[in-house]
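Next up, structure02.txt (compact mmCIF, C-alpha atoms):
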# COMPACT_ATOMS: atom_id res chain seq x y z
CA MET A 1 0.00 0.00 0.00
CA ARG A 2 1.39 3.43 -0.94
CA SER A 3 1.99 5.49 2.18
CA LYS A 4 1.06 9.12 2.40
CA ALA A 5 3.05 11.73 4.24
CA ALA A 6 2.24 11.68 7.93
CA PRO A 7 1.79 14.30 10.69
CA ARG A 8 2.35 18.03 10.33
CA PHE A 9 2.96 20.65 12.93
CA GLU A 10 1.08 23.71 14.03
CA LEU A 11 3.71 26.44 13.95
CA GLY A 12 1.30 28.62 15.72
CA ILE A 13 -2.13 29.57 14.61
CA LYS A 14 -5.17 27.87 16.08
CA ASP A 15 -7.61 27.18 13.32
CA LEU A 16 -10.40 29.73 13.35
CA GLN A 17 -12.83 27.37 11.70
CA SER A 18 -15.17 25.06 13.52
CA SER A 19 -13.93 21.78 12.08
CA ALA A 20 -10.89 20.23 13.72
CA LEU A 21 -8.08 18.21 12.22
CA PRO A 22 -7.77 14.88 14.05
CA LEU A 23 -4.29 15.13 15.50
CA GLY A 24 -2.03 12.28 14.53
CA HIS A 25 -4.63 10.47 12.43
CA ALA A 26 -2.08 9.86 9.71
CA ALA A 27 0.40 8.56 12.25
CA ARG A 28 -1.93 5.67 13.05
CA ARG A 29 -1.63 4.34 9.51
CA GLU A 30 1.44 2.11 9.39
CA PRO A 31 2.51 1.96 5.76
CA GLN A 32 3.49 -1.25 4.07
CA SER A 33 6.80 -0.64 2.35
CA PRO A 34 9.52 -2.70 0.75
CA SER A 35 12.13 -4.12 3.08
CA GLY A 36 14.69 -1.63 1.79
CA ASP A 37 12.48 1.20 3.06
CA ARG A 38 12.04 -0.17 6.55
CA ILE A 39 13.79 1.46 9.45
CA SER A 40 16.67 -0.49 10.88
CA HIS A 41 16.72 -0.14 14.64
CA ASN A 42 20.48 -0.66 14.80
CA ALA A 43 22.35 2.60 15.42
CA VAL A 44 19.87 4.79 13.55
CA THR A 45 20.96 8.42 13.21
CA LEU A 46 18.57 11.32 12.70
CA LEU A 47 19.87 13.98 10.30
CA VAL A 48 18.02 17.31 10.25
CA LEU A 49 18.18 19.54 7.16
CA CYS A 50 17.22 23.21 7.59
CA ASN A 51 17.59 26.21 5.31
CA GLY A 52 17.50 29.53 7.14
CA HIS A 53 17.94 31.30 10.46
CA GLY A 54 14.31 30.84 11.52
CA GLU A 55 14.38 27.21 10.44
CA ASP A 56 17.58 26.72 12.47
CA LEU A 57 15.80 27.97 15.59
CA ILE A 58 12.84 25.67 15.01
CA ALA A 59 15.17 22.73 14.34
CA LEU A 60 17.03 23.43 17.56
CA ARG A 61 13.83 23.41 19.63
CA VAL A 62 12.75 20.08 18.12
CA LEU A 63 16.21 18.55 18.48
CA GLU A 64 16.38 19.59 22.13
CA ALA A 65 13.03 17.92 22.76
CA ILE A 66 14.15 14.75 20.97
CA HIS A 67 17.35 14.68 23.01
CA ARG A 68 15.37 15.01 26.25
CA LEU A 69 13.08 12.14 25.27
CA GLN A 70 15.82 9.85 23.92
CA PRO A 71 19.30 11.05 24.93
CA GLN A 72 21.04 8.02 23.44
CA LEU A 73 19.84 8.77 19.88
CA SER A 74 22.57 10.03 17.56
CA LEU A 75 21.61 13.47 16.18
CA GLU A 76 23.10 15.45 13.28
CA VAL A 77 22.18 18.74 11.63
CA LEU A 78 23.06 20.11 8.21
CA PRO A 79 22.43 23.88 7.99
CA MET A 80 21.91 24.48 4.28
CA VAL A 81 22.07 28.28 4.53
CA GLY A 82 24.55 30.16 6.71
CA GLN A 83 26.82 28.73 9.36
CA GLY A 84 24.13 27.35 11.70
CA ARG A 85 25.31 29.35 14.71
CA ALA A 86 22.06 28.58 16.51
CA PHE A 87 23.45 25.08 17.14
CA ASP A 88 26.77 26.20 18.67
CA ALA A 89 25.85 25.44 22.29
CA ALA A 90 24.39 22.01 21.47
CA VAL A 91 27.48 21.09 19.46
CA GLU A 92 29.75 22.25 22.29
CA ASP A 93 27.72 20.18 24.78
CA GLY A 94 28.42 17.13 22.64
CA TRP A 95 24.92 15.81 21.98
CA LEU A 96 24.58 17.25 18.46
CA GLN A 97 26.93 17.04 15.49
CA ARG A 98 26.90 19.77 12.82
CA ILE A 99 27.96 18.40 9.45
CA GLY A 100 28.25 19.25 5.79
CA PRO A 101 29.42 22.08 3.57
CA SER A 102 27.92 25.47 4.36
CA ALA A 103 28.23 29.06 3.17
CA ALA A 104 26.90 32.50 4.03
CA LEU A 105 24.81 33.45 1.00
CA PRO A 106 24.44 37.14 0.03
CA SER A 107 20.63 36.98 0.31
CA GLY A 108 20.76 35.25 3.69
CA GLY A 109 18.54 32.51 2.29
CA PHE A 110 15.94 34.90 0.85
CA SER A 111 16.76 34.55 -2.83
CA ASN A 112 13.04 33.96 -3.47
CA GLN A 113 12.34 37.58 -2.44
CA SER A 114 13.97 39.13 -5.50
CA LEU A 115 15.67 38.33 -8.79
CA ARG A 116 18.70 40.28 -7.59
CA GLY A 117 18.98 38.09 -4.50
CA LEU A 118 18.73 34.95 -6.60
CA VAL A 119 21.41 36.13 -9.01
CA SER A 120 23.68 37.06 -6.09
CA ASP A 121 23.28 33.60 -4.52
CA LEU A 122 23.89 31.85 -7.83
CA SER A 123 27.03 33.91 -8.35
CA ALA A 124 28.19 33.08 -4.82
CA GLY A 125 28.11 29.35 -5.58
CA LEU A 126 24.64 28.20 -4.54
CA PRO A 127 24.39 25.47 -7.23
CA LEU A 128 27.75 23.95 -6.25
CA LEU A 129 26.90 24.18 -2.54
CA SER A 130 23.55 22.43 -3.07
CA TRP A 131 25.20 19.75 -5.21
CA ARG A 132 27.76 19.01 -2.50
CA GLN A 133 25.07 18.89 0.17
CA TRP A 134 22.95 16.52 -1.95
CA ARG A 135 25.91 14.20 -2.53
CA LEU A 136 26.55 14.10 1.22
CA CYS A 137 22.89 13.27 1.90
CA ARG A 138 22.94 10.49 -0.69
CA ARG A 139 26.04 9.00 0.89
CA LEU A 140 24.69 9.21 4.44
CA ALA A 141 21.36 7.69 3.40
CA ARG A 142 23.22 4.46 2.72
CA HIS A 143 24.50 4.43 6.30
CA ASN A 144 21.29 4.13 8.29
CA ARG A 145 20.29 7.80 8.36
CA VAL A 146 16.71 8.98 8.56
CA MET A 147 16.15 12.62 7.66
CA LEU A 148 13.95 15.43 8.88
CA ALA A 149 13.64 18.39 6.50
CA ILE A 150 12.64 21.74 8.04
CA GLY A 151 11.79 24.68 5.80
CA ASP A 152 10.42 24.74 2.28
CA LEU A 153 11.08 23.14 -1.10
CA LEU A 154 14.89 22.90 -0.97
CA PRO A 155 15.32 20.72 2.16
CA LEU A 156 12.21 18.75 1.19
CA LEU A 157 13.67 18.00 -2.24
CA MET A 158 17.06 17.20 -0.72
CA ALA A 159 15.54 14.68 1.70
CA ARG A 160 13.33 13.12 -0.98
CA CYS A 161 16.21 12.67 -3.42
CA SER A 162 18.57 11.25 -0.79
CA GLY A 163 16.94 7.83 -0.85
CA ALA A 164 16.38 7.84 2.92
CA LEU A 165 13.19 7.68 4.93
CA PHE A 166 12.29 11.24 5.81
CA GLY A 167 9.85 13.61 7.43
CA PHE A 168 9.04 17.23 6.70
CA ILE A 169 8.17 20.25 8.86
CA GLY A 170 6.88 22.98 6.55
CA THR A 171 7.59 26.31 8.21
CA PRO A 172 7.22 29.26 5.81
CA LYS A 173 3.86 28.71 4.14
CA SER A 174 0.38 29.13 5.55
CA ASP A 175 -3.03 29.34 3.95
CA TYR A 176 -3.77 32.29 6.23
CA THR A 177 -1.61 34.43 3.94
CA TRP A 178 -4.14 34.21 1.12
CA ARG A 179 -7.32 33.60 3.10
CA SER A 180 -6.78 36.68 5.28
CA GLY A 181 -7.08 40.14 3.75
CA PRO A 182 -8.32 41.49 0.44
CA GLY A 183 -6.97 38.65 -1.70
CA ARG A 184 -6.63 40.69 -4.89
CA ALA A 185 -3.04 39.87 -5.76
CA LEU A 186 -2.31 37.41 -8.56
CA SER A 187 -0.58 35.14 -6.06
CA ASP A 188 -3.76 35.06 -3.93
CA LEU A 189 -5.82 34.02 -6.94
CA TYR A 190 -3.25 31.34 -7.78
CA HIS A 191 -3.32 29.91 -4.24
CA ARG A 192 -7.12 30.07 -4.16
CA PHE A 193 -7.22 28.11 -7.41
CA LYS A 194 -4.90 25.43 -5.94
CA GLY A 195 -6.58 25.47 -2.54
CA SER A 196 -3.19 25.65 -0.80
CA GLU A 197 -0.14 27.90 -0.64
CA TRP A 198 1.98 24.81 -1.21
CA ASP A 199 2.51 23.94 -4.88
CA PRO A 200 1.63 20.71 -6.72
CA TRP A 201 5.27 19.60 -7.02
CA GLU A 202 5.62 20.04 -3.26
CA TRP A 203 2.49 17.94 -2.62
CA ARG A 204 4.07 15.25 -4.77
CA LEU A 205 7.26 15.20 -2.70
CA MET A 206 5.29 15.12 0.55
CA ALA A 207 3.21 12.19 -0.72
CA SER A 208 6.29 10.05 -1.35
CA ARG A 209 6.06 6.56 0.13
CA ARG A 210 9.32 7.27 1.98
CA CYS A 211 7.88 10.37 3.66
CA ARG A 212 6.64 9.24 7.08
CA LEU A 213 5.84 12.58 8.70
CA VAL A 214 4.49 15.88 7.39
CA ALA A 215 3.80 18.70 9.84
CA MET A 216 2.41 22.12 9.01
CA ARG A 217 2.40 25.36 10.95
CA ASP A 218 -1.38 25.47 11.37
CA ARG A 219 -4.43 23.28 10.99
CA LEU A 220 -5.90 25.38 8.22
CA THR A 221 -2.87 24.69 6.02
CA ALA A 222 -2.77 21.03 7.01
CA ARG A 223 -6.42 20.58 6.07
CA GLY A 224 -5.75 22.16 2.66
CA LEU A 225 -3.07 19.57 2.00
CA LEU A 226 -5.32 16.74 3.15
CA ARG A 227 -7.61 17.60 0.25
CA HIS A 228 -4.64 16.94 -2.06
CA GLY A 229 -3.86 13.53 -0.61
CA VAL A 230 -1.12 14.56 1.82
CA ALA A 231 -1.72 13.24 5.32
CA ALA A 232 -0.72 16.41 7.13
CA VAL A 233 -1.09 17.25 10.82
CA ALA A 234 -0.47 20.29 13.01
CA PRO A 235 0.63 19.23 16.50
CA GLY A 236 1.82 22.58 17.87
CA ASN A 237 4.23 25.46 17.61
CA PRO A 238 7.91 25.00 18.49
CA MET A 239 8.51 28.72 17.94
CA MET A 240 6.58 29.60 21.10
CA ASP A 241 8.34 27.13 23.40
CA GLY A 242 10.36 28.75 26.15
CA LEU A 243 8.68 32.17 25.74
CA HIS A 244 6.47 33.66 28.46
CA ARG A 245 4.93 37.00 29.40
CA GLU A 246 6.18 38.25 32.73
CA ASP A 247 6.33 41.41 34.78
CA PRO A 248 9.33 43.64 34.06
CA PRO A 249 12.03 44.05 36.69
CA ALA A 250 11.82 46.98 39.07
CA ALA A 251 14.31 48.99 37.00
CA LEU A 252 11.81 49.14 34.12
CA ALA A 253 8.54 49.13 36.06
CA ARG A 254 7.95 52.88 35.52
CA CYS A 255 8.82 52.73 31.79
CA ARG A 256 6.72 52.05 28.73
CA ARG A 257 8.53 49.19 27.01
CA VAL A 258 9.03 48.72 23.26
CA LEU A 259 11.01 45.80 21.82
CA VAL A 260 13.08 46.74 18.76
CA LEU A 261 13.89 43.93 16.29
CA CYS A 262 16.09 45.04 13.40
CA GLY A 263 16.99 41.57 12.12
CA SER A 264 20.38 39.90 11.98
CA ARG A 265 21.49 40.00 8.34
CA MET A 266 24.07 42.62 7.53
CA PRO A 267 24.12 45.20 6.09
CA GLU A 268 20.30 45.12 5.98
CA ALA A 269 19.95 45.04 9.78
CA ASN A 270 22.02 48.21 10.15
CA GLY A 271 19.77 50.12 7.77
CA ASN A 272 16.69 48.68 9.45
CA PHE A 273 17.81 49.98 12.83
CA ARG A 274 18.37 53.48 11.44
CA ARG A 275 14.85 53.62 9.98
CA LEU A 276 13.20 52.16 13.10
CA LEU A 277 15.06 54.63 15.31
CA ALA A 278 13.72 57.48 13.17
CA GLY A 279 10.21 56.21 13.90
CA THR A 280 10.55 56.80 17.65
CA HIS A 281 10.74 60.60 17.48
CA ARG A 282 7.16 61.12 18.67
CA LEU A 283 7.99 59.25 21.87
CA GLU A 284 10.33 62.09 22.84
CA GLY A 285 7.24 64.02 23.93
CA PHE A 286 6.08 61.36 26.39
CA GLN A 287 5.93 62.36 30.04
CA THR A 288 6.63 58.76 31.06
CA PRO A 289 10.08 57.22 30.37
CA VAL A 290 10.12 54.88 27.35
CA ALA A 291 12.55 51.94 27.23
CA LEU A 292 13.54 50.83 23.74
CA LEU A 293 14.81 47.27 24.17
CA VAL A 294 17.04 46.49 21.18
CA ALA A 295 17.38 42.69 21.12
CA VAL A 296 20.08 41.54 18.70
CA GLY A 297 22.09 38.42 18.00
CA SER A 298 25.69 38.27 16.82
CA GLN A 299 24.82 40.92 14.21
CA PRO A 300 24.63 43.86 13.81
CA PRO A 301 27.79 44.80 15.72
CA LEU A 302 27.39 46.94 18.82
CA ASP A 303 29.63 49.75 17.57
CA ALA A 304 27.52 50.17 14.42
CA LEU A 305 24.36 50.66 16.49
CA GLU A 306 26.08 53.02 18.90
CA ARG A 307 27.35 55.24 16.08
CA GLN A 308 23.78 55.67 14.87
CA LEU A 309 22.56 56.51 18.37
CA GLN A 310 25.31 59.08 18.78
CA ASP A 311 24.45 60.65 15.40
CA ALA A 312 20.79 60.83 16.50
CA GLY A 313 21.68 62.86 19.59
CA TYR A 314 21.71 60.13 22.24
CA ARG A 315 24.33 60.08 24.97
CA ARG A 316 25.95 57.08 26.56
CA SER A 317 24.85 56.11 30.06
CA LEU A 318 25.01 53.20 32.48
CA PRO A 319 22.19 50.60 32.39
CA PRO A 320 19.73 51.16 35.26
CA SER A 321 20.38 47.64 36.56
CA ASP A 322 22.79 44.78 35.89
CA GLU A 323 19.90 42.29 36.02
CA LEU A 324 18.61 43.58 32.66
CA GLY A 325 21.50 41.96 30.80
CA ALA A 326 22.09 45.02 28.62
CA GLU A 327 25.51 45.54 27.03
CA ALA A 328 24.96 49.24 26.38
CA CYS A 329 22.64 52.05 27.42
CA TRP A 330 21.95 55.36 25.67
CA VAL A 331 19.52 58.11 26.68
CA LYS A 332 17.79 61.06 25.03
CA GLY A 333 15.10 62.90 26.96
CA PRO A 334 12.54 60.32 28.15
CA LEU A 335 13.97 57.64 25.82
CA LEU A 336 16.18 54.91 27.25
CA VAL A 337 17.81 52.61 24.68
CA LEU A 338 19.11 49.27 25.96
CA ILE A 339 21.06 46.98 23.63
CA GLY A 340 21.38 43.31 24.55
CA ARG A 341 22.69 40.26 22.76
CA ARG A 342 20.66 37.07 23.01
CA CYS A 343 18.18 38.81 25.29
CA PHE A 344 15.14 38.25 23.08
CA ASP A 345 13.60 35.36 25.04
CA ARG A 346 13.61 37.44 28.23
CA TRP A 347 12.95 40.94 26.91
CA ALA A 348 10.04 39.88 24.68
CA GLY A 349 8.04 38.96 27.78
CA TRP A 350 8.42 42.50 29.15
CA ALA A 351 7.34 44.38 26.00
CA GLU A 352 4.11 46.30 25.46
CA ALA A 353 4.67 46.86 21.72
CA GLY A 354 7.21 46.03 19.04
CA LEU A 355 9.11 47.82 16.27
CA ALA A 356 10.11 45.12 13.83
CA THR A 357 11.93 44.36 10.61
CA ALA A 358 12.49 40.68 11.42
CA GLY A 359 10.87 37.41 10.46
CA THR A 360 10.77 34.66 13.07
CA ALA A 361 11.35 36.97 16.05
CA THR A 362 8.41 39.17 15.03
CA GLU A 363 6.12 36.14 14.86
CA GLN A 364 7.30 35.01 18.30
CA LEU A 365 6.73 38.47 19.79
CA VAL A 366 3.22 38.69 18.37
CA GLY A 367 2.56 35.14 19.55
CA LEU A 368 3.14 36.38 23.10
CA GLY A 369 0.27 38.83 22.63
CA VAL A 370 2.47 41.86 21.91
CA PRO A 371 1.29 43.84 18.85
CA ALA A 372 3.90 45.35 16.57
CA VAL A 373 4.45 47.75 13.70
CA SER A 374 6.96 47.11 10.94
CA LEU A 375 8.78 49.19 8.35
CA PRO A 376 9.78 47.29 5.20
CA GLY A 377 12.86 48.47 3.33
CA PRO A 378 15.02 47.59 0.34
CA GLY A 379 15.72 44.06 1.56
CA PRO A 380 16.87 41.50 0.63
CA GLN A 381 14.66 39.99 3.35
CA PHE A 382 12.29 42.49 4.89
CA LYS A 383 10.74 44.02 1.79
CA GLN A 384 7.19 45.24 1.18
CA GLY A 385 5.90 41.89 -0.04
CA PHE A 386 7.43 40.02 2.91
CA ALA A 387 5.96 42.50 5.41
CA LYS A 388 2.47 42.34 3.91
CA ARG A 389 2.50 38.56 3.86
CA GLN A 390 3.67 38.50 7.48
CA SER A 391 0.87 40.87 8.50
CA ARG A 392 -1.76 38.67 6.86
CA LEU A 393 -0.26 35.54 8.40
CA LEU A 394 -0.59 37.15 11.83
CA GLY A 395 -4.07 38.55 11.30
CA GLY A 396 -2.94 42.20 11.34
CA ALA A 397 -1.28 41.90 14.76
CA VAL A 398 1.78 43.39 13.06
CA HIS A 399 1.07 46.37 10.81
CA PRO A 400 3.48 47.29 7.97
CA CYS A 401 4.04 51.04 7.54
CA ASN A 402 5.23 52.97 4.50
CA THR A 403 7.21 55.71 6.25
CA SER A 404 8.92 56.42 9.55
CA THR A 405 6.26 59.06 10.24
CA GLU A 406 3.45 56.51 9.87
CA LEU A 407 5.43 54.11 12.04
CA ALA A 408 5.69 56.76 14.77
CA HIS A 409 1.95 57.49 14.72
CA ARG A 410 0.97 53.81 14.87
CA LEU A 411 3.43 53.02 17.65
CA GLU A 412 2.11 55.94 19.68
CA ARG A 413 -1.43 54.66 19.19
CA LEU A 414 -0.51 51.17 20.36
CA LEU A 415 0.98 52.59 23.55
CA ASN A 416 -1.97 54.90 24.21
CA ASP A 417 -4.88 52.64 23.20
CA GLY A 418 -4.94 49.71 25.59
CA GLU A 419 -8.05 48.13 24.09
CA LEU A 420 -6.53 48.12 20.58
CA SER A 421 -3.32 46.56 21.88
CA ARG A 422 -5.20 43.84 23.76
CA ARG A 423 -7.38 43.02 20.74
CA LEU A 424 -4.40 42.74 18.38
CA GLY A 425 -2.49 40.79 21.01
CA ARG A 426 -5.28 38.20 21.25
CA ILE A 427 -5.26 37.80 17.46
CA GLY A 428 -1.51 37.27 17.46
CA GLN A 429 -1.73 34.65 20.19
CA GLN A 430 -4.49 32.85 18.33
CA ARG A 431 -2.58 32.81 15.05
CA MET A 432 0.68 31.58 16.57
CA GLY A 433 -0.93 29.15 18.99
CA PRO A 434 0.25 27.84 22.37
CA SER A 435 3.63 26.47 23.31
CA GLY A 436 4.40 22.76 23.55
CA GLY A 437 4.83 21.97 19.86
CA SER A 438 8.47 20.88 20.19
CA HIS A 439 7.61 18.03 22.54
CA ARG A 440 4.71 16.80 20.43
CA LEU A 441 6.77 17.01 17.26
CA ALA A 442 9.65 15.20 18.91
CA ARG A 443 7.38 12.30 19.87
CA LEU A 444 6.06 12.07 16.31
CA VAL A 445 9.60 12.10 14.87
CA LEU A 446 10.68 9.32 17.22
CA GLN A 447 7.59 7.24 16.44
CA GLN A 448 7.37 7.75 12.69
CA LEU A 449 11.03 8.10 11.68
CA CYS A 450 13.07 6.43 14.39
CA GLY A 451 10.73 3.50 15.02
CA ASN A 452 10.16 4.19 18.73
CA SER A 453 6.83 3.48 20.33
Using structure tokens, write down the structure that the file contains.
Amino acid sequence: MRSKAAPRFELGIKDLQSSALPLGHAARREPQSPSGDRISHNAVTLLVLCNGHGEDLIALRVLEAIHRLQPQLSLEVLPMVGQGRAFDAAVEDGWLQRIGPSAALPSGGFSNQSLRGLVSDLSAGLPLLSWRQWRLCRRLARHNRVMLAIGDLLPLLMARCSGALFGFIGTPKSDYTWRSGPGRALSDLYHRFKGSEWDPWEWRLMASRRCRLVAMRDRLTARGLLRHGVAAVAPGNPMMDGLHREDPPAALARCRRVLVLCGSRMPEANGNFRRLLAGTHRLEGFQTPVALLVAVGSQPPLDALERQLQDAGYRRSLPPSDELGAEACWVKGPLLVLIGRRCFDRWAGWAEAGLATAGTATEQLVGLGVPAVSLPGPGPQFKQGFAKRQSRLLGGAVHPCNTSTELAHRLERLLNDGELSRRLGRIGQQRMGPSGGSHRLARLVLQQLCGNS
């Protein structure tokens, strides 16, 4: 009997419709497959393929949950885009091995956002990189690897063509993007015609008899794929695991708190920060202190952000408390700018509103019930089309603006209109869904790919 792809994950977003997708129904169907396709229980190794910064974070959450459930299982990860720095700590701890050729692409993995980005990636060696990664996957498939692809078409195709048993967690696409909003764009009409944002060639790959697990980011998208013969499920959202709303520390209790997310890809992130900073000018008239919490990763560099603050008339100061974890503090009138590396998980829970030009982090912030405004720029990632799609995905809980002036007005309204902020926050929480998805996904991966009951 030909097996269909099995469970999918709910990367947020509770389905707003009355019908419910029976969780794990596809997992109950044990496919009959040739002996060569059966899982050997001797020294099986799980190899995870992921293609982007957001996908790396999702992969890490799922891998951590798998390691907690079955610490003796051998785990590998192949970051297909970038260096996979999200896995550094796990690799150093010794329970995860990072393998394969990798490269930092000019588009940061967003070559689908523009022809220029695609050309830049092709010129930087993307075809050769993908060829080397595919050859590695083919070789490892002959040595008792099962594979879990996380992302979109590229890791899905890589896993399918490796010859191994595989599963797929589809992260970037959701039917909310074309079912929410006006729906007048040609792409919306195309998706409406198909009945899914995923394309026919992707359905075909997911329906492979060697695909044992398919998880989508929400039940609406999973149900759309079910109509095309793909046994998809949506067990929960790994992106929201480990994130919680909490009261701010005493040092910030008197402040209004805005989380600033400028992204991590240079030089785009540097330009994003400059434009977001320009959108805070109306806050200078507030009687109450306003804390701008700038949560960054390894990029952009601290000195680049500080130069912009100095040019904008801010002066250096000491952070109000060491417990905040801030590396730098700058002040200007009632505005207090705190810059912290790897502070997102903590600072997001303190925020009342967000200023954003980021992808995954913006979705996580909104999923906590914190509304945001965004300001798309020249890209290559956070362009107008990306920002509009993100807004529709999140039900308008993040609003894209055209200018810094509009950004300033909308941010001021979010801080002054509590009812509006609460309403948008509830929508964001509903679209992203509750935490706990990593554990449920991990159990499905162990059951469907690794042969554990």
Of the listed residues A:Asp199, A:Glu55, A:Arg61, A:Leu73, that which approaches A:Asn452 most closely, counting only C-alpha atoms: A:Leu73
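Point (7.2, 15.7, -5.8) has the following residues at most 10 Å away: Leu153, Leu156, Leu157, Arg160, Cys161, Asp199, Pro200, Trp201, Glu202, Trp203, Arg204, Leu205, Met206, Ala207 and Ser208 of chain A (atoms considered: only C-alpha atoms).
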Figure out the distance between atom CA of A:Ser421 and atom CA of A:Ser180, please, to one decimal in Å. 19.6 Å
Could you name the residues that touch A:Pro376 at 7 Å or less, counting all atoms listed in the file, but leaving out those on the same chain fewer than 3 positions away, as a ChimeraX atom specification? /A:357,382-384,387,400
How about saving the chosen residues, C-alpha atoms kept, as a JSON list (two decimals), in the frame of the given file?
[["chain", "number", "residue", "atom", "x", "y", "z"],
["A", 357, "THR", "CA", 11.93, 44.36, 10.61],
["A", 382, "PHE", "CA", 12.29, 42.49, 4.89],
["A", 383, "LYS", "CA", 10.74, 44.02, 1.79],
["A", 384, "GLN", "CA", 7.19, 45.24, 1.18],
["A", 387, "ALA", "CA", 5.96, 42.50, 5.41],
["A", 400, "PRO", "CA", 3.48, 47.29, 7.97]]
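Atom CA of A:Pro300 is found 24.5 Å from atom CA of A:Ser391.
With only C-alpha atoms as the atoms that count, the minimum distance from A:Gln133 to the choices A:Leu49, A:Gly313, A:Asp88, A:Thr171 is reached by A:Leu49.
Only residues having an atom at most 6 Å from (15.5, 6.5, 3.4) are included; using all atoms listed in the file, these are A:Ala141, A:Val146, A:Gly163, A:Ala164, A:Leu165.
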Export C-alpha atoms of the chosen residues as a PDB file, keeping the file's coordinate frame?
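result-v6.pdb written:
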ATOM      1  CA  ALA A 141      21.360   7.690   3.400  1.00  0.00           C
ATOM      2  CA  VAL A 146      16.710   8.980   8.560  1.00  0.00           C
ATOM      3  CA  GLY A 163      16.940   7.830  -0.850  1.00  0.00           C
ATOM      4  CA  ALA A 164      16.380   7.840   2.920  1.00  0.00           C
ATOM      5  CA  LEU A 165      13.190   7.680   4.930  1.00  0.00           C
TER       6      LEU A 165
END
